[in-house]
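Shown here: protein_26.cif, mmCIF, C-alpha atoms and all ligand atoms.
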data_upload
loop_
_atom_site.group_PDB
_atom_site.id
_atom_site.type_symbol
_atom_site.label_atom_id
_atom_site.label_comp_id
_atom_site.auth_asym_id
_atom_site.auth_seq_id
_atom_site.Cartn_x
_atom_site.Cartn_y
_atom_site.Cartn_z
ATOM 1 C CA MET Y 1 105.370 163.025 101.802
ATOM 2 C CA ASN Y 2 108.846 161.804 101.060
ATOM 3 C CA LYS Y 3 111.869 163.756 102.146
ATOM 4 C CA LYS Y 4 114.144 165.553 99.733
ATOM 5 C CA PHE Y 5 116.892 163.168 98.654
ATOM 6 C CA THR Y 6 120.401 164.675 98.768
ATOM 7 C CA VAL Y 7 123.973 163.610 98.067
ATOM 8 C CA THR Y 8 124.386 162.843 101.776
ATOM 9 C CA SER Y 9 121.313 160.567 101.604
ATOM 10 C CA PHE Y 10 123.253 158.538 99.001
ATOM 11 C CA LEU Y 11 126.021 157.802 101.503
ATOM 12 C CA GLU Y 12 123.531 157.213 104.346
ATOM 13 C CA ALA Y 13 121.660 154.697 102.189
ATOM 14 C CA LYS Y 14 124.840 152.690 101.558
ATOM 15 C CA ASN Y 15 125.680 152.714 105.274
ATOM 16 C CA LYS Y 16 122.161 151.555 106.143
ATOM 17 C CA ASN Y 17 122.280 148.873 103.428
ATOM 18 C CA GLU Y 18 119.287 150.446 101.665
ATOM 19 C CA LYS Y 19 119.244 150.290 97.883
ATOM 20 C CA ILE Y 20 119.211 153.603 95.992
ATOM 21 C CA THR Y 21 116.689 154.056 93.164
ATOM 22 C CA MET Y 22 117.373 156.207 90.115
ATOM 23 C CA LEU Y 23 115.659 156.661 86.750
ATOM 24 C CA THR Y 24 116.186 159.030 83.852
ATOM 25 C CA ALA Y 25 113.747 161.780 82.874
ATOM 26 C CA TYR Y 26 113.962 164.454 80.240
ATOM 27 C CA ASP Y 27 110.678 166.340 80.654
ATOM 28 C CA TYR Y 28 108.364 167.886 83.279
ATOM 29 C CA SER Y 29 105.488 165.386 83.085
ATOM 30 C CA THR Y 30 107.641 162.270 83.398
ATOM 31 C CA ALA Y 31 109.756 163.785 86.169
ATOM 32 C CA LYS Y 32 106.606 164.703 88.102
ATOM 33 C CA LEU Y 33 105.185 161.174 87.796
ATOM 34 C CA ILE Y 34 108.305 159.251 88.821
ATOM 35 C CA ASP Y 35 108.989 161.757 91.618
ATOM 36 C CA GLU Y 36 105.463 161.290 92.962
ATOM 37 C CA ALA Y 37 105.935 157.516 92.716
ATOM 38 C CA GLY Y 38 108.872 157.928 95.079
ATOM 39 C CA ILE Y 39 112.010 157.709 92.941
ATOM 40 C CA GLU Y 40 114.990 158.993 94.935
ATOM 41 C CA SER Y 41 117.106 160.368 92.119
ATOM 42 C CA ILE Y 42 116.494 161.524 88.551
ATOM 43 C CA LEU Y 43 119.232 161.505 85.937
ATOM 44 C CA VAL Y 44 118.849 163.914 83.044
ATOM 45 C CA GLY Y 45 121.039 161.623 80.978
ATOM 46 C CA ASP Y 46 122.715 162.354 77.678
ATOM 47 C CA SER Y 47 120.747 159.275 76.579
ATOM 48 C CA LEU Y 48 118.188 161.987 75.793
ATOM 49 C CA GLY Y 49 120.065 162.346 72.496
ATOM 50 C CA MET Y 50 119.009 158.834 71.497
ATOM 51 C CA VAL Y 51 115.687 158.576 73.333
ATOM 52 C CA VAL Y 52 114.254 162.074 72.804
ATOM 53 C CA LEU Y 53 116.190 163.558 69.891
ATOM 54 C CA GLY Y 54 116.678 160.449 67.729
ATOM 55 C CA TYR Y 55 120.478 160.630 67.394
ATOM 56 C CA GLU Y 56 122.553 157.486 66.682
ATOM 57 C CA SER Y 57 124.685 157.996 69.789
ATOM 58 C CA THR Y 58 125.035 160.361 72.740
ATOM 59 C CA LEU Y 59 127.941 162.249 71.122
ATOM 60 C CA GLU Y 60 125.847 165.029 69.563
ATOM 61 C CA VAL Y 61 124.236 166.151 72.818
ATOM 62 C CA THR Y 62 125.250 169.651 73.982
ATOM 63 C CA VAL Y 63 125.393 171.407 77.341
ATOM 64 C CA ASP Y 64 122.476 173.569 76.193
ATOM 65 C CA ASP Y 65 120.404 170.418 75.491
ATOM 66 C CA ILE Y 66 121.090 169.106 79.005
ATOM 67 C CA ILE Y 67 120.250 172.481 80.598
ATOM 68 C CA HIS Y 68 117.007 172.771 78.606
ATOM 69 C CA HIS Y 69 115.805 169.332 79.757
ATOM 70 C CA CYS Y 70 117.158 169.726 83.314
ATOM 71 C CA ARG Y 71 115.069 172.864 83.817
ATOM 72 C CA ALA Y 72 111.933 171.010 82.727
ATOM 73 C CA VAL Y 73 112.703 168.067 85.017
ATOM 74 C CA ALA Y 74 113.469 170.379 87.946
ATOM 75 C CA ARG Y 75 109.984 171.928 87.663
ATOM 76 C CA GLY Y 76 108.425 168.462 87.974
ATOM 77 C CA ALA Y 77 110.601 166.876 90.670
ATOM 78 C CA LYS Y 78 109.954 167.779 94.308
ATOM 79 C CA ASN Y 79 111.919 165.168 96.255
ATOM 80 C CA ALA Y 80 114.304 163.453 93.883
ATOM 81 C CA LEU Y 81 117.950 164.483 93.620
ATOM 82 C CA ILE Y 82 118.494 165.769 90.088
ATOM 83 C CA VAL Y 83 121.751 164.801 88.369
ATOM 84 C CA GLY Y 84 122.657 166.391 85.015
ATOM 85 C CA ASP Y 85 124.863 164.396 82.625
ATOM 86 C CA MET Y 86 127.883 166.297 81.313
ATOM 87 C CA PRO Y 87 127.856 165.733 77.550
ATOM 88 C CA PHE Y 88 130.753 164.683 75.315
ATOM 89 C CA LEU Y 89 133.377 167.446 74.945
ATOM 90 C CA SER Y 90 131.960 169.505 77.834
ATOM 91 C CA TYR Y 91 134.663 168.260 80.269
ATOM 92 C CA HIS Y 92 137.439 167.010 77.964
ATOM 93 C CA ILE Y 93 139.198 170.174 76.804
ATOM 94 C CA ASN Y 94 140.309 172.278 79.748
ATOM 95 C CA THR Y 95 139.510 172.710 83.407
ATOM 96 C CA GLU Y 96 138.076 176.231 83.103
ATOM 97 C CA ASP Y 97 135.456 175.235 80.523
ATOM 98 C CA THR Y 98 134.712 172.073 82.501
ATOM 99 C CA VAL Y 99 133.882 173.977 85.696
ATOM 100 C CA ARG Y 100 131.866 176.549 83.748
ATOM 101 C CA ASN Y 101 129.838 173.809 82.018
ATOM 102 C CA ALA Y 102 129.206 171.954 85.282
ATOM 103 C CA GLY Y 103 128.264 175.251 86.919
ATOM 104 C CA ARG Y 104 125.791 176.089 84.154
ATOM 105 C CA ILE Y 105 124.056 172.713 84.607
ATOM 106 C CA ILE Y 106 123.618 173.621 88.293
ATOM 107 C CA GLN Y 107 122.824 177.331 87.911
ATOM 108 C CA GLU Y 108 120.742 177.336 84.707
ATOM 109 C CA GLY Y 109 119.670 173.670 84.682
ATOM 110 C CA LYS Y 110 118.669 173.607 88.369
ATOM 111 C CA ALA Y 111 120.377 170.214 88.875
ATOM 112 C CA GLN Y 112 121.958 169.405 92.241
ATOM 113 C CA ALA Y 113 124.849 167.352 90.868
ATOM 114 C CA VAL Y 114 126.569 166.460 87.597
ATOM 115 C CA LYS Y 115 127.743 163.128 86.202
ATOM 116 C CA LEU Y 116 130.679 162.525 83.901
ATOM 117 C CA GLU Y 117 132.213 159.440 82.301
ATOM 118 C CA GLY Y 118 135.742 158.129 82.773
ATOM 119 C CA GLY Y 119 138.427 157.078 85.229
ATOM 120 C CA VAL Y 120 141.911 158.363 86.077
ATOM 121 C CA GLU Y 121 141.930 160.519 82.932
ATOM 122 C CA VAL Y 122 139.175 162.777 84.337
ATOM 123 C CA VAL Y 123 140.349 162.940 87.955
ATOM 124 C CA ASP Y 124 141.734 166.500 87.604
ATOM 125 C CA LYS Y 125 138.381 167.683 86.175
ATOM 126 C CA ILE Y 126 136.437 166.012 89.005
ATOM 127 C CA LYS Y 127 138.643 167.734 91.594
ATOM 128 C CA ALA Y 128 138.115 171.123 89.944
ATOM 129 C CA ILE Y 129 134.322 170.734 89.741
ATOM 130 C CA THR Y 130 134.173 169.535 93.356
ATOM 131 C CA LYS Y 131 136.253 172.549 94.431
ATOM 132 C CA ALA Y 132 133.477 174.696 92.970
ATOM 133 C CA GLN Y 133 131.128 172.964 95.456
ATOM 134 C CA ILE Y 134 129.374 170.930 92.772
ATOM 135 C CA PRO Y 135 128.796 167.260 93.658
ATOM 136 C CA VAL Y 136 130.076 164.885 90.969
ATOM 137 C CA MET Y 137 128.864 161.384 90.135
ATOM 138 C CA GLY Y 138 131.311 159.117 88.273
ATOM 139 C CA HIS Y 139 130.463 156.632 85.495
ATOM 140 C CA LEU Y 140 132.641 153.601 84.596
ATOM 141 C CA GLY Y 141 132.416 150.497 82.421
ATOM 142 C CA LEU Y 142 130.324 150.749 79.255
ATOM 143 C CA THR Y 143 130.621 154.522 79.016
ATOM 144 C CA PRO Y 144 128.564 155.418 75.917
ATOM 145 C CA GLN Y 145 130.636 158.522 75.078
ATOM 146 C CA SER Y 146 133.535 156.098 74.359
ATOM 147 C CA ILE Y 147 131.551 154.245 71.663
ATOM 148 C CA ASN Y 148 134.157 154.957 68.982
ATOM 149 C CA MET Y 149 136.971 153.623 71.198
ATOM 150 C CA PHE Y 150 134.976 150.532 72.213
ATOM 151 C CA GLY Y 151 133.739 149.842 68.668
ATOM 152 C CA GLY Y 152 130.106 149.803 69.818
ATOM 153 C CA PHE Y 153 128.026 149.506 72.984
ATOM 154 C CA LYS Y 154 129.951 146.503 74.349
ATOM 155 C CA VAL Y 155 130.136 145.052 77.848
ATOM 156 C CA GLN Y 156 133.423 146.105 79.518
ATOM 157 C CA GLY Y 157 135.665 144.584 82.176
ATOM 158 C CA LYS Y 158 135.658 140.969 81.063
ATOM 159 C CA SER Y 159 139.467 140.658 80.722
ATOM 160 C CA GLU Y 160 141.835 140.747 83.698
ATOM 161 C CA TYR Y 161 143.492 143.923 82.394
ATOM 162 C CA GLN Y 162 140.161 145.747 81.831
ATOM 163 C CA ALA Y 163 138.681 144.581 85.129
ATOM 164 C CA LYS Y 164 141.751 145.753 87.072
ATOM 165 C CA LYS Y 165 141.646 149.093 85.263
ATOM 166 C CA ILE Y 166 137.986 149.621 86.205
ATOM 167 C CA ILE Y 167 138.680 148.723 89.863
ATOM 168 C CA ASN Y 168 141.606 151.171 89.934
ATOM 169 C CA ASP Y 169 139.490 153.863 88.219
ATOM 170 C CA ALA Y 170 136.750 153.417 90.841
ATOM 171 C CA VAL Y 171 139.245 153.803 93.696
ATOM 172 C CA GLU Y 172 140.762 156.919 92.082
ATOM 173 C CA LEU Y 173 137.308 158.457 91.483
ATOM 174 C CA GLU Y 174 136.431 157.953 95.149
ATOM 175 C CA LYS Y 175 139.721 159.623 96.162
ATOM 176 C CA ALA Y 176 138.959 162.503 93.779
ATOM 177 C CA GLY Y 177 135.720 163.131 95.671
ATOM 178 C CA VAL Y 178 132.791 161.720 93.680
ATOM 179 C CA PHE Y 179 129.726 161.011 95.839
ATOM 180 C CA ALA Y 180 128.675 157.922 93.845
ATOM 181 C CA ILE Y 181 129.678 155.959 90.744
ATOM 182 C CA VAL Y 182 127.455 154.543 87.987
ATOM 183 C CA LEU Y 183 128.722 151.116 86.901
ATOM 184 C CA GLU Y 184 127.363 150.308 83.448
ATOM 185 C CA GLY Y 185 127.633 147.107 81.417
ATOM 186 C CA ILE Y 186 130.174 145.143 83.479
ATOM 187 C CA PRO Y 187 130.073 141.629 84.993
ATOM 188 C CA ALA Y 188 128.096 141.447 88.249
ATOM 189 C CA LYS Y 189 131.032 139.971 90.192
ATOM 190 C CA LEU Y 190 133.298 142.853 89.141
ATOM 191 C CA ALA Y 191 130.635 145.352 90.245
ATOM 192 C CA GLN Y 192 130.424 143.513 93.578
ATOM 193 C CA ILE Y 193 134.192 143.744 94.151
ATOM 194 C CA ILE Y 194 134.082 147.495 93.436
ATOM 195 C CA THR Y 195 131.002 147.999 95.622
ATOM 196 C CA GLU Y 196 132.689 146.265 98.561
ATOM 197 C CA LYS Y 197 135.944 148.204 98.056
ATOM 198 C CA LEU Y 198 134.338 151.659 98.083
ATOM 199 C CA THR Y 199 132.777 153.672 100.898
ATOM 200 C CA ILE Y 200 130.688 155.669 98.368
ATOM 201 C CA PRO Y 201 127.691 153.979 96.710
ATOM 202 C CA THR Y 202 127.709 152.303 93.301
ATOM 203 C CA ILE Y 203 124.661 152.657 91.051
ATOM 204 C CA GLY Y 204 124.384 149.801 88.585
ATOM 205 C CA ILE Y 205 122.915 149.544 85.092
ATOM 206 C CA GLY Y 206 123.766 146.156 83.651
ATOM 207 C CA ALA Y 207 126.092 145.559 86.613
ATOM 208 C CA GLY Y 208 124.133 143.014 88.640
ATOM 209 C CA ASN Y 209 122.306 142.917 91.901
ATOM 210 C CA ASN Y 210 125.094 143.775 94.330
ATOM 211 C CA CYS Y 211 125.469 147.461 93.529
ATOM 212 C CA ASP Y 212 124.215 149.925 96.155
ATOM 213 C CA GLY Y 213 121.533 151.177 93.778
ATOM 214 C CA GLN Y 214 120.110 150.780 90.287
ATOM 215 C CA VAL Y 215 119.402 153.127 87.387
ATOM 216 C CA LEU Y 216 117.525 152.530 84.132
ATOM 217 C CA VAL Y 217 116.401 154.674 81.233
ATOM 218 C CA THR Y 218 112.720 155.333 82.017
ATOM 219 C CA ASN Y 219 111.600 154.947 78.400
ATOM 220 C CA ASP Y 220 113.212 151.478 78.375
ATOM 221 C CA MET Y 221 111.595 150.248 81.598
ATOM 222 C CA LEU Y 222 108.209 151.599 80.517
ATOM 223 C CA GLY Y 223 108.546 149.691 77.236
ATOM 224 C CA MET Y 224 108.198 152.736 75.013
ATOM 225 C CA PHE Y 225 111.669 152.707 73.404
ATOM 226 C CA SER Y 226 112.481 149.854 71.049
ATOM 227 C CA ASP Y 227 115.239 150.963 68.643
ATOM 228 C CA PHE Y 228 117.358 148.545 70.711
ATOM 229 C CA THR Y 229 116.892 146.750 74.018
ATOM 230 C CA PRO Y 230 120.036 146.086 76.062
ATOM 231 C CA LYS Y 231 120.051 142.773 77.988
ATOM 232 C CA PHE Y 232 119.980 144.747 81.261
ATOM 233 C CA VAL Y 233 116.590 146.360 80.518
ATOM 234 C CA LYS Y 234 113.506 144.993 82.257
ATOM 235 C CA LYS Y 235 110.225 146.250 80.816
ATOM 236 C CA TYR Y 236 107.882 146.848 83.751
ATOM 237 C CA THR Y 237 105.038 147.743 81.412
ATOM 238 C CA ASN Y 238 104.467 147.951 77.676
ATOM 239 C CA LEU Y 239 103.633 151.574 76.910
ATOM 240 C CA LYS Y 240 104.562 151.037 73.274
ATOM 241 C CA ASP Y 241 101.520 148.782 72.749
ATOM 242 C CA SER Y 242 99.325 151.126 74.823
ATOM 243 C CA ILE Y 243 100.414 154.130 72.731
ATOM 244 C CA MET Y 244 100.005 152.268 69.435
ATOM 245 C CA ASN Y 245 96.537 150.965 70.342
ATOM 246 C CA ALA Y 246 95.328 154.317 71.718
ATOM 247 C CA THR Y 247 96.582 156.149 68.626
ATOM 248 C CA LYS Y 248 94.921 153.679 66.244
ATOM 249 C CA GLN Y 249 91.641 153.977 68.151
ATOM 250 C CA TYR Y 250 91.811 157.792 68.050
ATOM 251 C CA ILE Y 251 92.415 157.748 64.281
ATOM 252 C CA SER Y 252 89.534 155.356 63.756
ATOM 253 C CA GLU Y 253 87.116 157.343 65.958
ATOM 254 C CA VAL Y 254 87.961 160.674 64.301
ATOM 255 C CA LYS Y 255 87.464 159.126 60.857
ATOM 256 C CA SER Y 256 84.113 157.640 61.911
ATOM 257 C CA THR Y 257 83.072 160.870 63.794
ATOM 258 C CA GLU Y 258 82.596 158.825 66.970
ATOM 259 C CA PHE Y 259 85.010 161.313 68.572
ATOM 260 C CA PRO Y 260 84.388 163.944 69.836
ATOM 261 C CA SER Y 261 81.087 162.912 71.374
ATOM 262 C CA LYS Y 262 78.851 165.135 73.569
ATOM 263 C CA GLU Y 263 80.884 164.741 76.721
ATOM 264 C CA HIS Y 264 83.925 166.345 75.046
ATOM 265 C CA THR Y 265 81.947 169.135 73.340
ATOM 266 C CA PHE Y 266 80.857 172.651 74.395
ATOM 267 C CA SER Y 267 77.272 173.916 73.878
ATOM 268 C CA ILE Y 268 75.725 177.329 73.371
ATOM 269 C CA ASP Y 269 72.326 178.705 74.512
ATOM 270 C CA GLU Y 270 69.596 178.085 71.860
ATOM 271 C CA ASP Y 271 68.431 181.769 71.936
ATOM 272 C CA ILE Y 272 71.874 183.048 71.165
ATOM 273 C CA LEU Y 273 72.365 180.361 68.547
ATOM 274 C CA LYS Y 274 69.264 181.541 66.585
ATOM 275 C CA LYS Y 275 70.789 185.010 66.255
ATOM 276 C CA LEU Y 276 73.892 183.641 64.672
ATOM 277 C CA TYR Y 277 72.157 182.424 61.476
HETATM 278 N N1 LIG Y 301 117.295 153.892 75.554
HETATM 279 C C1 LIG Y 301 118.549 153.851 76.001
HETATM 280 N N2 LIG Y 301 118.871 153.019 77.009
HETATM 281 C C2 LIG Y 301 120.146 152.951 77.486
HETATM 282 O O1 LIG Y 301 120.387 152.178 78.421
HETATM 283 C C3 LIG Y 301 121.124 153.799 76.901
HETATM 284 C C4 LIG Y 301 120.723 154.668 75.858
HETATM 285 N N3 LIG Y 301 119.446 154.668 75.423
HETATM 286 N N4 LIG Y 301 121.592 155.510 75.260
HETATM 287 C C5 LIG Y 301 122.891 155.677 75.849
HETATM 288 C C6 LIG Y 301 123.396 154.401 76.333
HETATM 289 C C7 LIG Y 301 123.630 153.354 75.287
HETATM 290 N N5 LIG Y 301 123.445 152.148 76.038
HETATM 291 C C8 LIG Y 301 123.513 150.855 75.510
HETATM 292 C C9 LIG Y 301 123.111 150.593 74.214
HETATM 293 C C10 LIG Y 301 123.142 149.313 73.718
HETATM 294 C C11 LIG Y 301 123.608 148.279 74.509
HETATM 295 C C12 LIG Y 301 123.643 146.891 73.956
HETATM 296 O O2 LIG Y 301 123.078 146.614 72.941
HETATM 297 N N6 LIG Y 301 124.330 145.973 74.635
HETATM 298 C C13 LIG Y 301 124.390 144.558 74.280
HETATM 299 C C14 LIG Y 301 125.737 144.000 74.655
HETATM 300 C C15 LIG Y 301 126.654 143.954 73.472
HETATM 301 C C16 LIG Y 301 127.992 143.262 73.761
HETATM 302 O O3 LIG Y 301 128.538 143.387 74.841
HETATM 303 O O4 LIG Y 301 128.491 142.621 72.850
HETATM 304 C C17 LIG Y 301 123.331 143.788 75.044
HETATM 305 O O5 LIG Y 301 122.935 142.730 74.557
HETATM 306 O O6 LIG Y 301 122.919 144.237 76.129
HETATM 307 C C18 LIG Y 301 124.015 148.540 75.810
HETATM 308 C C19 LIG Y 301 123.945 149.829 76.309
HETATM 309 C C20 LIG Y 301 123.066 152.434 77.390
HETATM 310 N N7 LIG Y 301 122.463 153.763 77.275
HETATM 311 C C1 LIG Y 302 122.224 155.198 81.355
HETATM 312 C C2 LIG Y 302 122.613 156.297 82.261
HETATM 313 C C3 LIG Y 302 123.560 155.849 83.331
HETATM 314 C C4 LIG Y 302 123.163 157.472 81.496
HETATM 315 O O1 LIG Y 302 124.299 157.861 81.575
HETATM 316 C C5 LIG Y 302 122.227 158.179 80.604
HETATM 317 O O2 LIG Y 302 121.012 157.936 80.664
HETATM 318 O O3 LIG Y 302 122.706 159.007 79.827
HETATM 319 MG MG MG Y 303 124.810 159.256 80.043
#

Output the file's structure as structure tokens, nothing else.
Amino acid sequence: MNKKFTVTSFLEAKNKNEKITMLTAYDYSTAKLIDEAGIESILVGDSLGMVVLGYESTLEVTVDDIIHHCRAVARGAKNALIVGDMPFLSYHINTEDTVRNAGRIIQEGKAQAVKLEGGVEVVDKIKAITKAQIPVMGHLGLTPQSINMFGGFKVQGKSEYQAKKIINDAVELEKAGVFAIVLEGIPAKLAQIITEKLTIPTIGIGAGNNCDGQVLVTNDMLGMFSDFTPKFVKKYTNLKDSIMNATKQYISEVKSTEFPSKEHTFSIDEDILKKLY
């Protein structure tokens, strides 16, 4: 059996030069499978808005949505560290509501840490959440909750100004007390500079091979989400084709009465059956 992965294991992994593995999950069955396969951390991401709920962006996701899915994931995951994404507007207004929302994701959602997007502008919120003894993961670069500021899901940190801002944000997040930082959609060399500068681990998604760990949306890497496919997604299998083919076969077999056959059918004693007519 694997050992329970904790926020201190994140730091230990970086110090031992061992890569950290993270995937998203939004439900019990998926969490149970990827946990049993040995994943070290599960993110209940606000990507659930797009992947599970069919929204156009992550902006509509609520704290209650995250809690609902966190609870399901927590029932399925034995060893993985569960991180709950703080949704848009749940940490932007005031510190009191921010700590309450983070606390609810821990207390009601059964997560062990929260993640929030942004740099220097969220440092005061990170400090307040950390003071409440809740571990915080940062998230820089292509932060999807900023889609309206970015004008779309666009790679960040390509200009000198942007790159320097992201480096500075990473340093300030570490000072504020985050235990790790997700780097999303930035050039690999920029992610490498940040990774070398920090003592806490970086978890990359579209940030190259030199981060201390990697995260992907599970539905993407299983090939069962195809509304869009970011360049950083590798499909390790093609569940979309499997699901399509299985569904078509089921439809065809029900129509032709091939299914259900004897092996999937219950019988009754002949003597009892006679008395039923
Ligand atoms: N299924 C899924 N996977 C994700 O990785 C993901 C979500 N949903 N929802 C929330 C955000 C949105 N993300 C996205 C969405 C699209 C691109 C994308 O199309 N990127 C372009 C680059 C565009 C540019 O820089 O001009 C690409 O080609 O990768 C990237 C990240 C990442 N997150
Ligand atoms: C893509 C990851 C980092 C995320 O924030 C999410 O799934 O919501
Ligand atoms: Mg997210």

Please give me, as a PyMOL selection string, the residues lying within 8 Å of ligand LIG 301 (chain Y) when counting all atoms listed in the file. chain Y and resi 46-51+57-58+142-144+152-156+184-185+205-206+216-217+219-220+225-233

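Residues in contact range of Lys197 in chain Y, defined as at most 9 Å between only C-alpha atoms, with sequence neighbours fewer than 3 positions away removed, read Ile167, Ala170, Val171, Gln192, Ile193 and Ile194 of chain Y.
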
I'd like the contact shell of Thr218 in chain Y - 10 Å cut-off, all atoms listed in the file, skipping same-chain residues fewer than 5 positions apart - returned as a tab-separated table (two decimals) with C-alpha atoms, in the coordinates of the input.
chain	number	residue	atom	x	y	z
Y	22	MET	CA	117.37	156.21	90.12
Y	23	LEU	CA	115.66	156.66	86.75
Y	24	THR	CA	116.19	159.03	83.85
Y	25	ALA	CA	113.75	161.78	82.87
Y	26	TYR	CA	113.96	164.45	80.24
Y	30	THR	CA	107.64	162.27	83.40
Y	31	ALA	CA	109.76	163.78	86.17
Y	34	ILE	CA	108.30	159.25	88.82
Y	42	ILE	CA	116.49	161.52	88.55
Y	43	LEU	CA	119.23	161.50	85.94
Y	51	VAL	CA	115.69	158.58	73.33
Y	223	GLY	CA	108.55	149.69	77.24
Y	224	MET	CA	108.20	152.74	75.01
Y	225	PHE	CA	111.67	152.71	73.40
Y	233	VAL	CA	116.59	146.36	80.52
Y	235	LYS	CA	110.22	146.25	80.82
Y	236	TYR	CA	107.88	146.85	83.75

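Distances here use all atoms listed in the file; by that measure, the residue among Y:Ile106, Y:Val44, Y:Ala163, Y:Ile66 closest to ligand LIG 302 (chain Y) is Y:Val44.
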
Using only C-alpha atoms, the residue out of Y:Ile126, Y:Leu183, Y:Ile147, Y:Ile243 with shortest distance to Gln214 in chain Y is Y:Leu183

So which residues get picked by the PyMOL selection byres (((chain Y and resi 41) around 9) and not hetatm) here, written as a PyMOL selection string? chain Y and resi 5-6+20-24+35+39-40+42-43+79-83+215

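Between atom MG of ligand MG 303 (chain Y) and CA of His139 in chain Y there is a distance of 8.3 Å.
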
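Coordinates place CA of Thr95 in chain Y at a distance of 7.8 Å from CA of Asp124 in chain Y.
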
Distance in Å - CA of Ile134 in chain Y versus CA of Ala113 in chain Y: 6.1 Å

Take the PyMOL selection byres (((chain Y and resi 166) around 8) and not hetatm), apply it to the structure above, and return the hits as a VMD selection string. chain Y and resid 119 140 to 141 157 162 to 165 167 to 170

Just want the 10 Å neighbourhood of Ala72 in chain Y, counted on all atoms listed in the file, with same-chain residues fewer than 3 positions away dropped. Output as a ChimeraX atom specification. /Y:25-32,44,67-69,75-77,109-110

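In terms of minimum interatomic distance to ligand LIG 302 (chain Y), Y:Val114 ranks closest within Y:Ile251, Y:Val114, Y:Leu190, Y:Ala176, counting all atoms listed in the file.
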
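Considering all atoms listed in the file, the residue among Y:Pro260, Y:Pro87, Y:Pro187, Y:Pro201 positioned nearest to ligand LIG 302 (chain Y) is Y:Pro87.
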
Determine the residue membership of the PyMOL selection byres (((chain Y and resi 62) around 9) and not hetatm) for the file above and supply it as a PDB file with C-alpha atoms, keeping the file's coordinate frame.
ATOM      1  CA  ASP Y  46     122.715 162.354  77.678  1.00  0.00           C
ATOM      2  CA  LEU Y  59     127.941 162.249  71.122  1.00  0.00           C
ATOM      3  CA  GLU Y  60     125.847 165.029  69.563  1.00  0.00           C
ATOM      4  CA  VAL Y  61     124.236 166.151  72.818  1.00  0.00           C
ATOM      5  CA  VAL Y  63     125.393 171.407  77.341  1.00  0.00           C
ATOM      6  CA  ASP Y  64     122.476 173.569  76.193  1.00  0.00           C
ATOM      7  CA  ASP Y  65     120.404 170.418  75.491  1.00  0.00           C
ATOM      8  CA  ILE Y  66     121.090 169.106  79.005  1.00  0.00           C
ATOM      9  CA  ILE Y  67     120.250 172.481  80.598  1.00  0.00           C
ATOM     10  CA  MET Y  86     127.883 166.297  81.313  1.00  0.00           C
ATOM     11  CA  PRO Y  87     127.856 165.733  77.550  1.00  0.00           C
ATOM     12  CA  PHE Y  88     130.753 164.683  75.315  1.00  0.00           C
ATOM     13  CA  LEU Y  89     133.377 167.446  74.945  1.00  0.00           C
ATOM     14  CA  SER Y  90     131.960 169.505  77.834  1.00  0.00           C
TER      15      SER Y  90
END
